[in-house]
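Asker: For reference, the structure I am asking about is given below.
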Amino acid sequence: MVKTTVTVQGGSAALPTLLGQGPARIPTGGKIRAGIKVLTRKAAEQPQAQSLYDEGVEAGQSFDQIERAIVGALPHLKSPLIPRNVPWFTVRAQDFPNPETPKQILQAYGEDRGEGLHLYRFPIVFPADQWQTVMPHELAAWGAQDKRYWSQYSADGRVRHCMCHAPVPMDNTGRRSIRIFGGRKTVLREDNGGICEPESCADYQQRRCNLTGRFLFFIPGIRSISAFELPTNSFYAMNAAIQKFETIGFLRGGRISGFLDRQRTPFYLTKRLMEVAHIDETGLPTRVPQWIIELEAPVDVTALLRDREDEDTAIVQAQLATQVLDGAPTWEGAGADVDADVDAVVASVIAEAPKDAPVHDGDLTLEHLLARAQAYGIAADQYQAYADRRWGRGWRLNPHGRRRAWDELDRYRNDPQGYLDKIESELHRVT
């Protein structure tokens with residue numbers, strides 16, 4: 001029997017299992033909410049509703065529990081609670097498997113700004129480097145019991161489909177449902193052709209379908225094997241977060257997980273009062289103030305850039321250490337003999353290297369670099385002296401160092417004279 005492997009999208013190869021493969025999912029163990037719910041004006045006029053609300057808040061119940069208690073006691077109040085935008089986050093015991101966790105969060109990061117102890121700003125670290133994983137989001141329409149419709153992109157990312165649960169199959173008698181292994185199946189929604197187009201969708205236009213998302217993170221100092229989540233339906237909050245993710249990822253070589261630098265700087269979640277624009281019922285733009293979730297990254301950008309340089313140095317040092325263990329000479333230990341050997345190699349490269357050498361990510365060599373430098377009118381020994389002083393002698397020993405040198409050459413492809421002037425100025429300044 002041949003064992004096959006299946007590559008999970010965004011992950012490494014994995015053996016197939018009975019439960020199959022799917023996108024990476026991060027287990028969660030508690031919710032921090034972005035706002036609160038308060039009594040409607042009609043419900044606030046009922047003393048019993050006010051009493052049940054106050055008791056529920058004091059006991060740390062979720063707003064869903066409070067609302068069910070009020071509706072159970074006063075059936076004529078169909079929707080006694082409405083959302084209210086506040087500058088703090090809500091942390092309640094009923095939203096966590098361990099009721100001590102919200103107390104720990106408030107004790108560690110809560111502040112009293114005149115309205116009691118609340119969570120205004122707290123540190124977080126993300127457990128994955130793909131922002132789509134730590135901030136999943138979709139367009140979704142919910143029914144009374146579960147999700148009715150939701151958006152999902154095709155495998156190539158070009159088409160946004162509208163999905164729903166498949167009807168439960170029945171047995172031959174038509175009176176008993178068939179047991180389904182692995183949960184309910186999903187299919188394309190038939191009545192709209194399975195295409196998600198909000199502008200032409202009645203559910204979206206009637207506000208039954210809305211954008212919904214959540215942040216998934218850990219909180220430093222709060223012990224939990226599962227991540228915490230912060231649900232949000234704010235386009236502004238999620239769009240601004242994506243820009244932060246992409247900026248930090250670019251500066252950190254694609255990483256957004258963990259602490260941001262060597263000083264263990266985390267991301268922070270807070271709220272900022274903003275004038276948010278939206279279109280009213282008449283089609284006119286209007287602006288209203290709202291407290292919007294904001295993702296902060298209070299890090300020294302230059303420190304991140306230095307960390308990238310330190311990583312390059314570590315790569316060079318690791319390869320030099322490998323040479324020592326293998327009994328090969330290093331640049332520093334070999335002294336003049338190595339310099340003589342290098343000069344000999346350079347001479348042969350100059351003689352044999354083509355002037356327009358092709359380059360690929362996997363096989364970039366010293367020959368390619370010297371040939372391109374010569375094409376710019378830069379002597380090989382002059383270029384190497386400059387590169388050694390800029391990146392250290394080890395730049396030529398590892399692919400990453402050669403790639404950095406190639407990228408700099410490529411940036412000056414339209415100004416070779418400017419690059420020559422830069423090299424001469426640098427060598428003159430150093431000497």
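Simple scheme: letters A, B, ... for chains in structure tokens order, numbers from 1 for residues in each chain, numbers from 1 for ligands in the order shown.
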Write out as a PDB file with C-alpha atoms, in the first residue's frame each polymer residue whose atoms come within 9 Å of Thr40 of chain A, counting only C-alpha atoms; drop sequence neighbours fewer than 4 positions from it.
Answerer:
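Written out: around.pdb:
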```
ATOM      1  CA  ALA A  44     -35.945  51.068  30.354  1.00  0.00           C
ATOM      2  CA  GLU A  45     -39.434  52.234  31.338  1.00  0.00           C
ATOM      3  CA  SER A  79     -35.828  43.171  21.477  1.00  0.00           C
ATOM      4  CA  PRO A  80     -35.134  44.881  24.798  1.00  0.00           C
ATOM      5  CA  LEU A  81     -31.408  45.533  24.175  1.00  0.00           C
ATOM      6  CA  ILE A  82     -29.609  47.622  21.560  1.00  0.00           C
TER       7      ILE A  82
END
```
Asker: Residues at most 12 Å from Ile378 of chain A, counting only C-alpha atoms, excluding those fewer than 5 positions away in the same chain, as a list in words?
Answerer: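 Counting only the stated atoms, we get Ile350, Leu369, Leu370, Ala371, Arg372, Ala373, Tyr383, Gln384, Ala385, Tyr386, Leu409, Pro416, Gln417, Gly418, Tyr419, Leu420, Asp421, Lys422, Ile423 and Glu424 of chain A.
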Asker: Mind checking DSSP for segment 42-122 of chain A and telling me the alpha helix (DSSP H) residues as a PyMOL selection string?
Answerer: chain A and resi 42-44+47-58+63-73+100-109
Asker: If you count only C-alpha atoms, which residues fall within 8 Å of Ser62 of chain A, apart from same-chain ones fewer than 4 positions away, as a PDB file with N, CA and C atoms, in the first residue's frame?
Answerer:
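File written: part-v4.pdb
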```pdb
ATOM      1  N   GLY A  56     -27.941  41.135  35.804  1.00  0.00           N
ATOM      2  CA  GLY A  56     -27.142  40.381  34.845  1.00  0.00           C
ATOM      3  C   GLY A  56     -25.768  40.986  34.634  1.00  0.00           C
ATOM      4  N   VAL A  57     -25.701  42.321  34.531  1.00  0.00           N
ATOM      5  CA  VAL A  57     -24.413  42.997  34.367  1.00  0.00           C
ATOM      6  C   VAL A  57     -23.534  42.760  35.591  1.00  0.00           C
ATOM      7  N   ILE A  66     -28.759  38.037  29.291  1.00  0.00           N
ATOM      8  CA  ILE A  66     -29.582  39.087  29.896  1.00  0.00           C
ATOM      9  C   ILE A  66     -30.837  39.323  29.065  1.00  0.00           C
ATOM     10  N   ARG A  92     -16.451  39.663  30.026  1.00  0.00           N
ATOM     11  CA  ARG A  92     -17.427  39.085  30.945  1.00  0.00           C
ATOM     12  C   ARG A  92     -17.135  37.608  31.186  1.00  0.00           C
ATOM     13  N   ALA A  93     -17.441  37.161  32.391  1.00  0.00           N
ATOM     14  CA  ALA A  93     -17.127  35.792  32.787  1.00  0.00           C
ATOM     15  C   ALA A  93     -17.815  34.763  31.902  1.00  0.00           C
ATOM     16  N   GLN A  94     -19.056  35.059  31.467  1.00  0.00           N
ATOM     17  CA  GLN A  94     -19.810  34.088  30.673  1.00  0.00           C
ATOM     18  C   GLN A  94     -19.242  33.881  29.274  1.00  0.00           C
ATOM     19  N   ASP A  95     -18.334  34.741  28.854  1.00  0.00           N
ATOM     20  CA  ASP A  95     -17.722  34.608  27.531  1.00  0.00           C
ATOM     21  C   ASP A  95     -16.432  33.796  27.569  1.00  0.00           C
TER      22      ASP A  95
END
```
Asker: Excluding same-chain residues fewer than 3 positions from Ile178 of chain A, what lies within 6 Å of it counting only C-alpha atoms, as JSON, numbers by chain?
Answerer: {"A": [169, 170, 171]}
Asker: Run DSSP on the backbone and give me the residues of segment 122-206 of chain A it puts in strand (DSSP E or B), as JSON, numbers by chain.
Answerer: {"A": [122, 123, 124, 125, 126, 137, 138, 139, 140, 141, 142, 147, 148, 149, 150, 151, 152, 153, 160, 161, 162, 163, 164, 165, 170, 177, 186, 187, 188, 195]}
Asker: What would the file look like if the residues just selected were written as a PDB file, in the first residue's frame with N, CA and C atoms?
Answerer:
```
ATOM      1  N   PHE A 122      -4.950  46.966  25.521  1.00  0.00           N
ATOM      2  CA  PHE A 122      -4.251  45.791  26.041  1.00  0.00           C
ATOM      3  C   PHE A 122      -3.328  45.205  24.980  1.00  0.00           C
ATOM      4  N   PRO A 123      -2.224  44.556  25.408  1.00  0.00           N
ATOM      5  CA  PRO A 123      -1.254  43.997  24.464  1.00  0.00           C
ATOM      6  C   PRO A 123      -1.704  42.646  23.930  1.00  0.00           C
ATOM      7  N   ILE A 124      -1.300  42.339  22.720  1.00  0.00           N
ATOM      8  CA  ILE A 124      -1.619  41.044  22.113  1.00  0.00           C
ATOM      9  C   ILE A 124      -0.447  40.591  21.249  1.00  0.00           C
ATOM     10  N   VAL A 125      -0.368  39.286  21.019  1.00  0.00           N
ATOM     11  CA  VAL A 125       0.545  38.718  20.028  1.00  0.00           C
ATOM     12  C   VAL A 125      -0.264  37.751  19.171  1.00  0.00           C
ATOM     13  N   PHE A 126       0.058  37.713  17.906  1.00  0.00           N
ATOM     14  CA  PHE A 126      -0.673  36.849  16.982  1.00  0.00           C
ATOM     15  C   PHE A 126       0.036  35.509  16.830  1.00  0.00           C
ATOM     16  N   HIS A 137     -12.623  36.624   8.129  1.00  0.00           N
ATOM     17  CA  HIS A 137     -13.801  37.470   7.949  1.00  0.00           C
ATOM     18  C   HIS A 137     -14.598  36.978   6.749  1.00  0.00           C
ATOM     19  N   GLU A 138     -15.853  37.372   6.691  1.00  0.00           N
ATOM     20  CA  GLU A 138     -16.740  36.931   5.620  1.00  0.00           C
ATOM     21  C   GLU A 138     -18.001  37.783   5.638  1.00  0.00           C
ATOM     22  N   LEU A 139     -18.761  37.687   4.561  1.00  0.00           N
ATOM     23  CA  LEU A 139     -20.130  38.188   4.539  1.00  0.00           C
ATOM     24  C   LEU A 139     -21.025  37.034   4.959  1.00  0.00           C
ATOM     25  N   ALA A 140     -21.906  37.253   5.918  1.00  0.00           N
ATOM     26  CA  ALA A 140     -22.707  36.146   6.438  1.00  0.00           C
ATOM     27  C   ALA A 140     -24.097  36.624   6.826  1.00  0.00           C
ATOM     28  N   ALA A 141     -25.077  35.747   6.581  1.00  0.00           N
ATOM     29  CA  ALA A 141     -26.466  35.974   6.999  1.00  0.00           C
ATOM     30  C   ALA A 141     -26.830  34.897   8.001  1.00  0.00           C
ATOM     31  N   TRP A 142     -27.294  35.309   9.168  1.00  0.00           N
ATOM     32  CA  TRP A 142     -27.594  34.369  10.240  1.00  0.00           C
ATOM     33  C   TRP A 142     -29.092  34.196  10.418  1.00  0.00           C
ATOM     34  N   LYS A 147     -25.912  29.820  10.899  1.00  0.00           N
ATOM     35  CA  LYS A 147     -25.592  30.638   9.740  1.00  0.00           C
ATOM     36  C   LYS A 147     -26.295  30.094   8.504  1.00  0.00           C
ATOM     37  N   ARG A 148     -27.039  30.954   7.807  1.00  0.00           N
ATOM     38  CA  ARG A 148     -27.798  30.517   6.632  1.00  0.00           C
ATOM     39  C   ARG A 148     -26.969  30.606   5.358  1.00  0.00           C
ATOM     40  N   TYR A 149     -26.333  31.761   5.124  1.00  0.00           N
ATOM     41  CA  TYR A 149     -25.534  31.975   3.916  1.00  0.00           C
ATOM     42  C   TYR A 149     -24.223  32.648   4.318  1.00  0.00           C
ATOM     43  N   TRP A 150     -23.178  32.391   3.524  1.00  0.00           N
ATOM     44  CA  TRP A 150     -21.905  33.045   3.790  1.00  0.00           C
ATOM     45  C   TRP A 150     -21.065  33.066   2.524  1.00  0.00           C
ATOM     46  N   SER A 151     -20.131  33.991   2.494  1.00  0.00           N
ATOM     47  CA  SER A 151     -19.252  34.134   1.334  1.00  0.00           C
ATOM     48  C   SER A 151     -18.042  33.224   1.466  1.00  0.00           C
ATOM     49  N   GLN A 152     -17.552  32.785   0.316  1.00  0.00           N
ATOM     50  CA  GLN A 152     -16.352  31.940   0.293  1.00  0.00           C
ATOM     51  C   GLN A 152     -15.705  32.062  -1.072  1.00  0.00           C
ATOM     52  N   TYR A 153     -14.400  32.317  -1.092  1.00  0.00           N
ATOM     53  CA  TYR A 153     -13.705  32.483  -2.358  1.00  0.00           C
ATOM     54  C   TYR A 153     -13.359  31.141  -2.981  1.00  0.00           C
ATOM     55  N   ARG A 160     -16.014  35.124  -5.771  1.00  0.00           N
ATOM     56  CA  ARG A 160     -16.584  35.047  -4.426  1.00  0.00           C
ATOM     57  C   ARG A 160     -17.938  34.364  -4.519  1.00  0.00           C
ATOM     58  N   HIS A 161     -18.038  33.190  -3.922  1.00  0.00           N
ATOM     59  CA  HIS A 161     -19.255  32.397  -3.977  1.00  0.00           C
ATOM     60  C   HIS A 161     -20.140  32.671  -2.776  1.00  0.00           C
ATOM     61  N   CYS A 162     -21.417  32.376  -2.948  1.00  0.00           N
ATOM     62  CA  CYS A 162     -22.380  32.416  -1.854  1.00  0.00           C
ATOM     63  C   CYS A 162     -22.711  30.972  -1.504  1.00  0.00           C
ATOM     64  N   MET A 163     -22.422  30.595  -0.268  1.00  0.00           N
ATOM     65  CA  MET A 163     -22.552  29.216   0.156  1.00  0.00           C
ATOM     66  C   MET A 163     -23.712  29.049   1.140  1.00  0.00           C
ATOM     67  N   CYS A 164     -24.186  27.814   1.249  1.00  0.00           N
ATOM     68  CA  CYS A 164     -25.207  27.483   2.240  1.00  0.00           C
ATOM     69  C   CYS A 164     -25.067  26.001   2.589  1.00  0.00           C
ATOM     70  N   HIS A 165     -25.790  25.574   3.602  1.00  0.00           N
ATOM     71  CA  HIS A 165     -25.768  24.163   3.972  1.00  0.00           C
ATOM     72  C   HIS A 165     -26.638  23.352   3.006  1.00  0.00           C
ATOM     73  N   MET A 170     -32.546  12.220   3.161  1.00  0.00           N
ATOM     74  CA  MET A 170     -33.475  11.325   3.859  1.00  0.00           C
ATOM     75  C   MET A 170     -33.291   9.896   3.345  1.00  0.00           C
ATOM     76  N   SER A 177     -33.950  11.059   8.575  1.00  0.00           N
ATOM     77  CA  SER A 177     -32.747  11.641   7.972  1.00  0.00           C
ATOM     78  C   SER A 177     -31.581  10.654   8.062  1.00  0.00           C
ATOM     79  N   THR A 186     -21.750  21.508   2.544  1.00  0.00           N
ATOM     80  CA  THR A 186     -22.019  22.853   2.024  1.00  0.00           C
ATOM     81  C   THR A 186     -22.110  22.812   0.508  1.00  0.00           C
ATOM     82  N   VAL A 187     -22.978  23.664  -0.035  1.00  0.00           N
ATOM     83  CA  VAL A 187     -23.183  23.735  -1.485  1.00  0.00           C
ATOM     84  C   VAL A 187     -23.333  25.202  -1.878  1.00  0.00           C
ATOM     85  N   LEU A 188     -23.247  25.457  -3.184  1.00  0.00           N
ATOM     86  CA  LEU A 188     -23.509  26.796  -3.687  1.00  0.00           C
ATOM     87  C   LEU A 188     -24.994  27.123  -3.543  1.00  0.00           C
ATOM     88  N   ILE A 195     -23.212  32.992  -6.622  1.00  0.00           N
ATOM     89  CA  ILE A 195     -22.290  34.119  -6.729  1.00  0.00           C
ATOM     90  C   ILE A 195     -22.646  35.175  -5.685  1.00  0.00           C
TER      91      ILE A 195
END
```
